[in-house]
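K.L.:
Below you'll find input07.pdb; it's PDB, C-alpha atoms.
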```pdb
ATOM      1  CA  MET B 152       1.284  38.093  17.917  1.00  0.00           C
ATOM      2  CA  PHE B 153       3.279  34.870  17.742  1.00  0.00           C
ATOM      3  CA  ARG B 154       0.149  32.919  16.727  1.00  0.00           C
ATOM      4  CA  VAL B 155      -0.654  35.358  13.925  1.00  0.00           C
ATOM      5  CA  VAL B 156       2.882  35.121  12.520  1.00  0.00           C
ATOM      6  CA  PHE B 157       2.845  31.338  12.843  1.00  0.00           C
ATOM      7  CA  ILE B 158      -0.524  30.995  11.063  1.00  0.00           C
ATOM      8  CA  PHE B 159       0.593  33.372   8.309  1.00  0.00           C
ATOM      9  CA  LEU B 160       3.856  31.491   7.704  1.00  0.00           C
ATOM     10  CA  PHE B 161       2.103  28.130   7.821  1.00  0.00           C
ATOM     11  CA  THR B 162      -0.535  29.120   5.242  1.00  0.00           C
ATOM     12  CA  VAL B 163       2.052  30.689   2.934  1.00  0.00           C
ATOM     13  CA  SER B 164       4.282  27.618   3.103  1.00  0.00           C
ATOM     14  CA  CYS B 165       1.326  25.308   2.406  1.00  0.00           C
ATOM     15  CA  ALA B 166       0.214  27.409  -0.547  1.00  0.00           C
ATOM     16  CA  VAL B 167       3.711  27.494  -2.028  1.00  0.00           C
ATOM     17  CA  ALA B 168       4.263  23.790  -1.434  1.00  0.00           C
ATOM     18  CA  GLN B 169       1.060  22.833  -3.237  1.00  0.00           C
ATOM     19  CA  ARG B 170       2.059  24.587  -6.437  1.00  0.00           C
ATOM     20  CA  LYS B 171       2.831  21.903  -8.986  1.00  0.00           C
ATOM     21  CA  ASP B 172       5.875  23.584 -10.456  1.00  0.00           C
ATOM     22  CA  PHE B 173       7.470  24.316  -7.062  1.00  0.00           C
ATOM     23  CA  PHE B 174       7.321  21.013  -5.175  1.00  0.00           C
ATOM     24  CA  ASP B 175       6.652  18.035  -7.401  1.00  0.00           C
ATOM     25  CA  PHE B 176       9.617  15.755  -7.929  1.00  0.00           C
ATOM     26  CA  LYS B 177      10.118  12.142  -8.843  1.00  0.00           C
ATOM     27  CA  LYS B 178      12.868  10.152  -7.162  1.00  0.00           C
ATOM     28  CA  ILE B 179      14.190   7.266  -9.247  1.00  0.00           C
ATOM     29  CA  GLN B 180      16.223   4.654  -7.381  1.00  0.00           C
ATOM     30  CA  THR B 181      17.965   1.611  -8.804  1.00  0.00           C
ATOM     31  CA  GLY B 182      19.781  -1.167  -7.012  1.00  0.00           C
ATOM     32  CA  PRO B 183      20.095  -4.848  -6.213  1.00  0.00           C
ATOM     33  CA  TYR B 184      17.931  -6.881  -3.880  1.00  0.00           C
ATOM     34  CA  PHE B 185      18.595 -10.029  -1.899  1.00  0.00           C
ATOM     35  CA  GLY B 186      15.643 -12.105  -0.837  1.00  0.00           C
ATOM     36  CA  PHE B 187      14.416 -15.106   1.030  1.00  0.00           C
ATOM     37  CA  GLN B 188      11.163 -16.835   0.113  1.00  0.00           C
ATOM     38  CA  GLN B 189       9.381 -19.319   2.345  1.00  0.00           C
ATOM     39  CA  GLY B 190       6.593 -21.531   1.118  1.00  0.00           C
ATOM     40  CA  ARG B 191       6.671 -25.264   0.671  1.00  0.00           C
ATOM     41  CA  ASN B 192      10.435 -24.868   0.189  1.00  0.00           C
ATOM     42  CA  ILE B 193      13.022 -22.229   1.001  1.00  0.00           C
ATOM     43  CA  VAL B 194      14.057 -20.193  -2.038  1.00  0.00           C
ATOM     44  CA  LEU B 195      16.943 -17.718  -2.246  1.00  0.00           C
ATOM     45  CA  GLU B 196      16.529 -14.682  -4.521  1.00  0.00           C
ATOM     46  CA  ILE B 197      18.821 -12.099  -6.076  1.00  0.00           C
ATOM     47  CA  GLY B 198      17.926  -9.405  -8.572  1.00  0.00           C
ATOM     48  CA  ALA B 199      17.560  -5.732  -9.357  1.00  0.00           C
ATOM     49  CA  GLU B 200      14.764  -3.251  -8.685  1.00  0.00           C
ATOM     50  CA  ARG B 201      14.015   0.178 -10.135  1.00  0.00           C
ATOM     51  CA  ARG B 202      11.704   2.252  -7.949  1.00  0.00           C
ATOM     52  CA  MET B 203      10.002   5.523  -8.906  1.00  0.00           C
ATOM     53  CA  LYS B 204       8.638   7.600  -6.011  1.00  0.00           C
ATOM     54  CA  GLU B 205       6.701  10.839  -6.190  1.00  0.00           C
ATOM     55  CA  ILE B 206       7.845  13.472  -3.712  1.00  0.00           C
ATOM     56  CA  LYS B 207       4.860  15.675  -2.921  1.00  0.00           C
ATOM     57  CA  TRP B 208       2.631  16.607   0.019  1.00  0.00           C
ATOM     58  CA  LYS B 209      -0.596  14.819  -0.904  1.00  0.00           C
ATOM     59  CA  SER B 210      -0.898  11.165  -1.966  1.00  0.00           C
ATOM     60  CA  PRO B 211       2.594  10.367  -3.237  1.00  0.00           C
ATOM     61  CA  ASN B 212       2.635   7.194  -5.310  1.00  0.00           C
ATOM     62  CA  ALA B 213       5.499   4.755  -5.618  1.00  0.00           C
ATOM     63  CA  ASN B 214       5.958   1.938  -8.089  1.00  0.00           C
ATOM     64  CA  ALA B 215       8.757  -0.392  -9.072  1.00  0.00           C
ATOM     65  CA  ILE B 216       9.764  -2.987 -11.595  1.00  0.00           C
ATOM     66  CA  LEU B 217      12.013  -5.880 -10.674  1.00  0.00           C
ATOM     67  CA  LEU B 218      13.890  -8.632 -12.418  1.00  0.00           C
ATOM     68  CA  GLY B 219      15.527 -11.442 -10.518  1.00  0.00           C
ATOM     69  CA  VAL B 220      16.595 -15.060 -10.375  1.00  0.00           C
ATOM     70  CA  ASN B 221      15.972 -17.547  -7.609  1.00  0.00           C
ATOM     71  CA  TYR B 222      16.954 -21.059  -6.698  1.00  0.00           C
ATOM     72  CA  ASP B 223      14.919 -23.654  -4.815  1.00  0.00           C
ATOM     73  CA  TYR B 224      17.583 -25.847  -3.245  1.00  0.00           C
ATOM     74  CA  ASN B 225      15.290 -28.687  -2.076  1.00  0.00           C
ATOM     75  CA  ALA B 226      13.483 -29.098  -5.404  1.00  0.00           C
ATOM     76  CA  LYS B 227      16.582 -28.214  -7.495  1.00  0.00           C
ATOM     77  CA  ILE B 228      14.592 -25.646  -9.495  1.00  0.00           C
ATOM     78  CA  LEU B 229      16.013 -22.465 -11.006  1.00  0.00           C
ATOM     79  CA  GLY B 230      13.615 -19.575 -11.553  1.00  0.00           C
ATOM     80  CA  ALA B 231      13.348 -16.101 -13.001  1.00  0.00           C
ATOM     81  CA  ASP B 232      10.869 -13.416 -11.937  1.00  0.00           C
ATOM     82  CA  LEU B 233       9.719 -10.249 -13.684  1.00  0.00           C
ATOM     83  CA  GLY B 234       7.486  -8.176 -11.458  1.00  0.00           C
ATOM     84  CA  PHE B 235       5.813  -4.860 -10.730  1.00  0.00           C
ATOM     85  CA  TRP B 236       4.384  -3.337  -7.552  1.00  0.00           C
ATOM     86  CA  PHE B 237       2.466  -0.159  -6.779  1.00  0.00           C
ATOM     87  CA  ARG B 238       1.966   1.738  -3.497  1.00  0.00           C
ATOM     88  CA  PRO B 239      -0.858   4.339  -3.598  1.00  0.00           C
ATOM     89  CA  ASN B 240       0.381   6.537  -0.705  1.00  0.00           C
ATOM     90  CA  ARG B 241       3.064   6.771   1.979  1.00  0.00           C
ATOM     91  CA  LEU B 242       1.902   4.190   4.503  1.00  0.00           C
ATOM     92  CA  SER B 243      -0.219   1.741   2.564  1.00  0.00           C
ATOM     93  CA  PHE B 244       0.296  -1.770   1.286  1.00  0.00           C
ATOM     94  CA  THR B 245       1.995  -2.567  -2.003  1.00  0.00           C
ATOM     95  CA  PHE B 246      -0.038  -4.298  -4.701  1.00  0.00           C
ATOM     96  CA  GLY B 247       1.682  -6.077  -7.535  1.00  0.00           C
ATOM     97  CA  GLY B 248       2.249  -9.071  -9.693  1.00  0.00           C
ATOM     98  CA  VAL B 249       4.992 -11.356 -10.925  1.00  0.00           C
ATOM     99  CA  VAL B 250       5.494 -13.382 -14.088  1.00  0.00           C
ATOM    100  CA  ALA B 251       7.629 -16.364 -13.146  1.00  0.00           C
ATOM    101  CA  GLY B 252       9.520 -18.979 -15.087  1.00  0.00           C
ATOM    102  CA  ARG B 253      10.744 -22.165 -13.413  1.00  0.00           C
ATOM    103  CA  SER B 254      12.995 -24.927 -14.742  1.00  0.00           C
ATOM    104  CA  ASP B 255      14.511 -28.136 -13.409  1.00  0.00           C
ATOM    105  CA  PHE B 256      17.076 -28.062 -16.265  1.00  0.00           C
ATOM    106  CA  THR B 257      15.043 -30.487 -18.414  1.00  0.00           C
ATOM    107  CA  ARG B 258      11.559 -28.932 -18.491  1.00  0.00           C
ATOM    108  CA  TYR B 259      10.132 -25.511 -17.717  1.00  0.00           C
ATOM    109  CA  MET B 260       6.860 -23.868 -16.731  1.00  0.00           C
ATOM    110  CA  ILE B 261       5.581 -20.307 -16.654  1.00  0.00           C
ATOM    111  CA  GLY B 262       3.202 -18.850 -14.095  1.00  0.00           C
ATOM    112  CA  VAL B 263       1.834 -15.630 -12.642  1.00  0.00           C
ATOM    113  CA  SER B 264       1.412 -14.416  -9.080  1.00  0.00           C
ATOM    114  CA  PRO B 265      -0.528 -11.529  -7.588  1.00  0.00           C
ATOM    115  CA  THR B 266       1.239 -10.104  -4.539  1.00  0.00           C
ATOM    116  CA  LEU B 267       0.357  -8.032  -1.506  1.00  0.00           C
ATOM    117  CA  GLY B 268       3.126  -6.525   0.583  1.00  0.00           C
ATOM    118  CA  TYR B 269       4.437  -3.832   2.847  1.00  0.00           C
ATOM    119  CA  LYS B 270       7.614  -1.841   2.285  1.00  0.00           C
ATOM    120  CA  ILE B 271       9.441   0.073   4.958  1.00  0.00           C
ATOM    121  CA  TRP B 272      12.927   1.512   4.399  1.00  0.00           C
ATOM    122  CA  PHE B 273      15.101  -1.230   2.897  1.00  0.00           C
ATOM    123  CA  LEU B 274      12.809  -4.190   3.624  1.00  0.00           C
ATOM    124  CA  HIS B 275       9.903  -5.351   1.491  1.00  0.00           C
ATOM    125  CA  ALA B 276       7.731  -8.221   2.734  1.00  0.00           C
ATOM    126  CA  GLN B 277       5.282  -9.792   0.267  1.00  0.00           C
ATOM    127  CA  ILE B 278       2.795 -12.609   0.243  1.00  0.00           C
ATOM    128  CA  GLY B 279       1.491 -14.184  -2.939  1.00  0.00           C
ATOM    129  CA  TYR B 280       0.324 -17.284  -4.743  1.00  0.00           C
ATOM    130  CA  TYR B 281       1.866 -18.634  -7.953  1.00  0.00           C
ATOM    131  CA  PHE B 282      -0.632 -19.904 -10.504  1.00  0.00           C
ATOM    132  CA  TYR B 283       0.958 -22.370 -12.921  1.00  0.00           C
ATOM    133  CA  PRO B 284      -1.387 -23.393 -15.746  1.00  0.00           C
ATOM    134  CA  LYS B 285       0.399 -26.702 -16.183  1.00  0.00           C
ATOM    135  CA  SER B 286       2.849 -27.997 -13.617  1.00  0.00           C
ATOM    136  CA  VAL B 287       5.319 -30.134 -15.558  1.00  0.00           C
ATOM    137  CA  LEU B 288       8.159 -30.268 -13.077  1.00  0.00           C
ATOM    138  CA  SER B 289       8.756 -33.489 -11.157  1.00  0.00           C
ATOM    139  CA  SER B 290       9.448 -31.757  -7.818  1.00  0.00           C
ATOM    140  CA  PRO B 291       6.802 -29.453  -6.344  1.00  0.00           C
ATOM    141  CA  THR B 292       7.795 -25.833  -5.862  1.00  0.00           C
ATOM    142  CA  ASN B 293       6.233 -22.965  -3.917  1.00  0.00           C
ATOM    143  CA  ASN B 294       2.694 -21.895  -4.718  1.00  0.00           C
ATOM    144  CA  LEU B 295       1.749 -19.939  -1.583  1.00  0.00           C
ATOM    145  CA  PHE B 296       4.760 -17.956  -0.425  1.00  0.00           C
ATOM    146  CA  LEU B 297       6.003 -15.264   1.931  1.00  0.00           C
ATOM    147  CA  SER B 298       8.957 -13.270   0.653  1.00  0.00           C
ATOM    148  CA  LEU B 299      11.287 -10.869   2.456  1.00  0.00           C
ATOM    149  CA  ARG B 300      13.631  -8.736   0.362  1.00  0.00           C
ATOM    150  CA  LEU B 301      16.436  -6.376   1.306  1.00  0.00           C
ATOM    151  CA  VAL B 302      16.598  -3.676  -1.383  1.00  0.00           C
ATOM    152  CA  LEU B 303      19.837  -1.683  -1.539  1.00  0.00           C
ATOM    153  CA  THR B 304      19.828   1.582  -3.458  1.00  0.00           C
ATOM    154  CA  GLN B 305      22.955   2.156  -5.528  1.00  0.00           C
ATOM    155  CA  LYS B 306      21.872   4.952  -7.837  1.00  0.00           C
ATOM    156  CA  THR B 307      19.447   7.782  -7.087  1.00  0.00           C
ATOM    157  CA  ARG B 308      18.250  10.337  -9.614  1.00  0.00           C
ATOM    158  CA  TRP B 309      15.873  13.276  -9.168  1.00  0.00           C
ATOM    159  CA  LYS B 310      13.494  14.339 -11.906  1.00  0.00           C
ATOM    160  CA  ASN B 311      11.259  17.431 -11.863  1.00  0.00           C
ATOM    161  CA  THR B 312       7.835  16.542 -13.284  1.00  0.00           C
TER     162      THR B 312
END
```
If you convert what's in this file into structure tokens, what do you get?
P.N.:
Amino acid sequence: MFRVVFIFLFTVSCAVAQRKDFFDFKKIQTGPYFGFQQGRNIVLEIGAERRMKEIKWKSPNANAILLGVNYDYNAKILGADLGFWFRPNRLSFTFGGVVAGRSDFTRYMIGVSPTLGYKIWFLHAQIGYYFYPKSVLSSPTNNLFLSLRLVLTQKTRWKNT
């Protein structure tokens, strides 16, 4: 008898949970991040990230946009990053890209970087390679890099989709 009741309750809960209007939310989180990037040089990062996560049973996506500044102390280069990443389900890798600007306070250069990462709780580790069409800076900066970011959520909003 217990098995019959359990199976009945399980199937009813699964059927109700799969209805789009009952259990399909989007969680929008915004907050600062603090990062550390290691490549040729050590780079410190600070910025903000806005993450949108789907809350549903099957294949929840997550994506985020980020805007930050960084400073390469050894090369004396200030940078700005505008990026996006996408995670296709709960436990998979993040795929993304960054548009980067770098300046040594006399000249500047702009580049792009595809990234591959893994996010778990507050930490987001990424690896990528910056492609600069024309390197005009006197000191070399990171091309191949490994980045570790601590993302703190300050504001959370729920939206029913």
K.L.:
My list of candidates is B:Ala213, B:Glu200, B:Ser286, B:Gly190. Which is closest to Lys178 (chain B) when distances are computed with only C-alpha atoms?
P.N.:
B:Ala213
K.L.:
Using all atoms listed in the file, which of B:Asn311, B:Trp236, B:Tyr283, B:Ala231 sits nearest Arg202 (chain B)?
P.N.:
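Selected residue with least distance to Arg202 (chain B): B:Trp236.
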K.L.:
Find the distance between CA of Val263 (chain B) and CA of Asn240 (chain B) and write it in Å to one decimal.
P.N.:
25.2 Å
K.L.:
Could you name the residues that touch Ser254 (chain B) at 8 Å or less, counting only C-alpha atoms, but leaving out those on the same chain fewer than 2 positions away, as a list in words?
P.N.:
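Within the cut-off, the hits are Ile228, Leu229, Gly230, Gly252, Phe256, Thr257, Arg258, Tyr259, Met260 and Leu288 of chain B.
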K.L.:
Grab the residues selected above and save them as an mmCIF file, keeping the file's coordinate frame with C-alpha atoms.
P.N.:
```cif
data_model
loop_
_atom_site.group_PDB
_atom_site.id
_atom_site.type_symbol
_atom_site.label_atom_id
_atom_site.label_comp_id
_atom_site.auth_asym_id
_atom_site.auth_seq_id
_atom_site.Cartn_x
_atom_site.Cartn_y
_atom_site.Cartn_z
ATOM 1 C CA ILE B 228 14.592 -25.646 -9.495
ATOM 2 C CA LEU B 229 16.013 -22.465 -11.006
ATOM 3 C CA GLY B 230 13.615 -19.575 -11.553
ATOM 4 C CA GLY B 252 9.520 -18.979 -15.087
ATOM 5 C CA PHE B 256 17.076 -28.062 -16.265
ATOM 6 C CA THR B 257 15.043 -30.487 -18.414
ATOM 7 C CA ARG B 258 11.559 -28.932 -18.491
ATOM 8 C CA TYR B 259 10.132 -25.511 -17.717
ATOM 9 C CA MET B 260 6.860 -23.868 -16.731
ATOM 10 C CA LEU B 288 8.159 -30.268 -13.077
#
```
K.L.:
For a cutoff of 7 Å around the file-coordinate point (4.8, -23.8, -1.7), which residues qualify once you count only C-alpha atoms? I'd like the result as a PyMOL selection string.
P.N.:
chain B and resi 190-192+292-296
K.L.:
Would you write out those residues with C-alpha atoms, as an mmCIF file, in the frame of the given file?
P.N.:
```cif
data_model
loop_
_atom_site.group_PDB
_atom_site.id
_atom_site.type_symbol
_atom_site.label_atom_id
_atom_site.label_comp_id
_atom_site.auth_asym_id
_atom_site.auth_seq_id
_atom_site.Cartn_x
_atom_site.Cartn_y
_atom_site.Cartn_z
ATOM 1 C CA GLY B 190 6.593 -21.531 1.118
ATOM 2 C CA ARG B 191 6.671 -25.264 0.671
ATOM 3 C CA ASN B 192 10.435 -24.868 0.189
ATOM 4 C CA THR B 292 7.795 -25.833 -5.862
ATOM 5 C CA ASN B 293 6.233 -22.965 -3.917
ATOM 6 C CA ASN B 294 2.694 -21.895 -4.718
ATOM 7 C CA LEU B 295 1.749 -19.939 -1.583
ATOM 8 C CA PHE B 296 4.760 -17.956 -0.425
#
```
K.L.:
Taking all atoms listed in the file into account, name the residue in B:Ile278, B:Met203, B:Leu242, B:Leu233 that is nearest to Phe187 (chain B).
P.N.:
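Looking only at the distances to Phe187 (chain B), the closest residue turns out to be B:Ile278.
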K.L.:
Calculated over all atoms listed in the file, which of the candidates B:Thr245, B:Ser289, B:Gln188, B:Gln180 has the smallest distance to Tyr222 (chain B)?
P.N.:
B:Gln188
K.L.:
Is it possible to get the axis-aligned box enclosing region 174-178 of chain B (all listed atoms, 3 Å extra per side) as AutoDock Vina command-line options, with centre and edge lengths in Å rounded to one decimal?
P.N.:
```
--center_x 9.8 --center_y 15.6 --center_z -7.0 --size_x 12.2 --size_y 16.9 --size_z 9.7
```
K.L.:
What gap, in Å, lies between CA of Leu274 (chain B) and CA of Ser298 (chain B)?
P.N.:
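Distance reported for this atom pair: 10.3 Å.
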K.L.:
Assuming the chain letters and numbering stay as they are in my file, what does the PyMOL selection byres ((chain B and resi 247) around 10) actually select? List them as a VMD selection string.
P.N.:
chain B and resid 214 to 216 234 to 238 244 to 246 248 to 249 264 to 268 277 279
K.L.:
May I ask which of the residues B:Trp208, B:Gln305, B:Arg300, B:Val194 is the closest one to Asn221 (chain B), counting all atoms listed in the file?
P.N.:
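Of all the options, B:Val194 lies closest to Asn221 (chain B).
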K.L.:
To one decimal place in Å, what is the distance between CA of Ile193 (chain B) and CA of Leu217 (chain B)?
P.N.:
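A separation of 20.1 Å between them.
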K.L.:
Using all atoms listed in the file, give me every residue within 12 Å of (17.4, -1.7, 1.9) in file coordinates, as JSON, numbers by chain.
P.N.:
{"B": [180, 181, 182, 183, 184, 185, 186, 199, 200, 270, 271, 272, 273, 274, 275, 276, 299, 300, 301, 302, 303, 304, 305]}
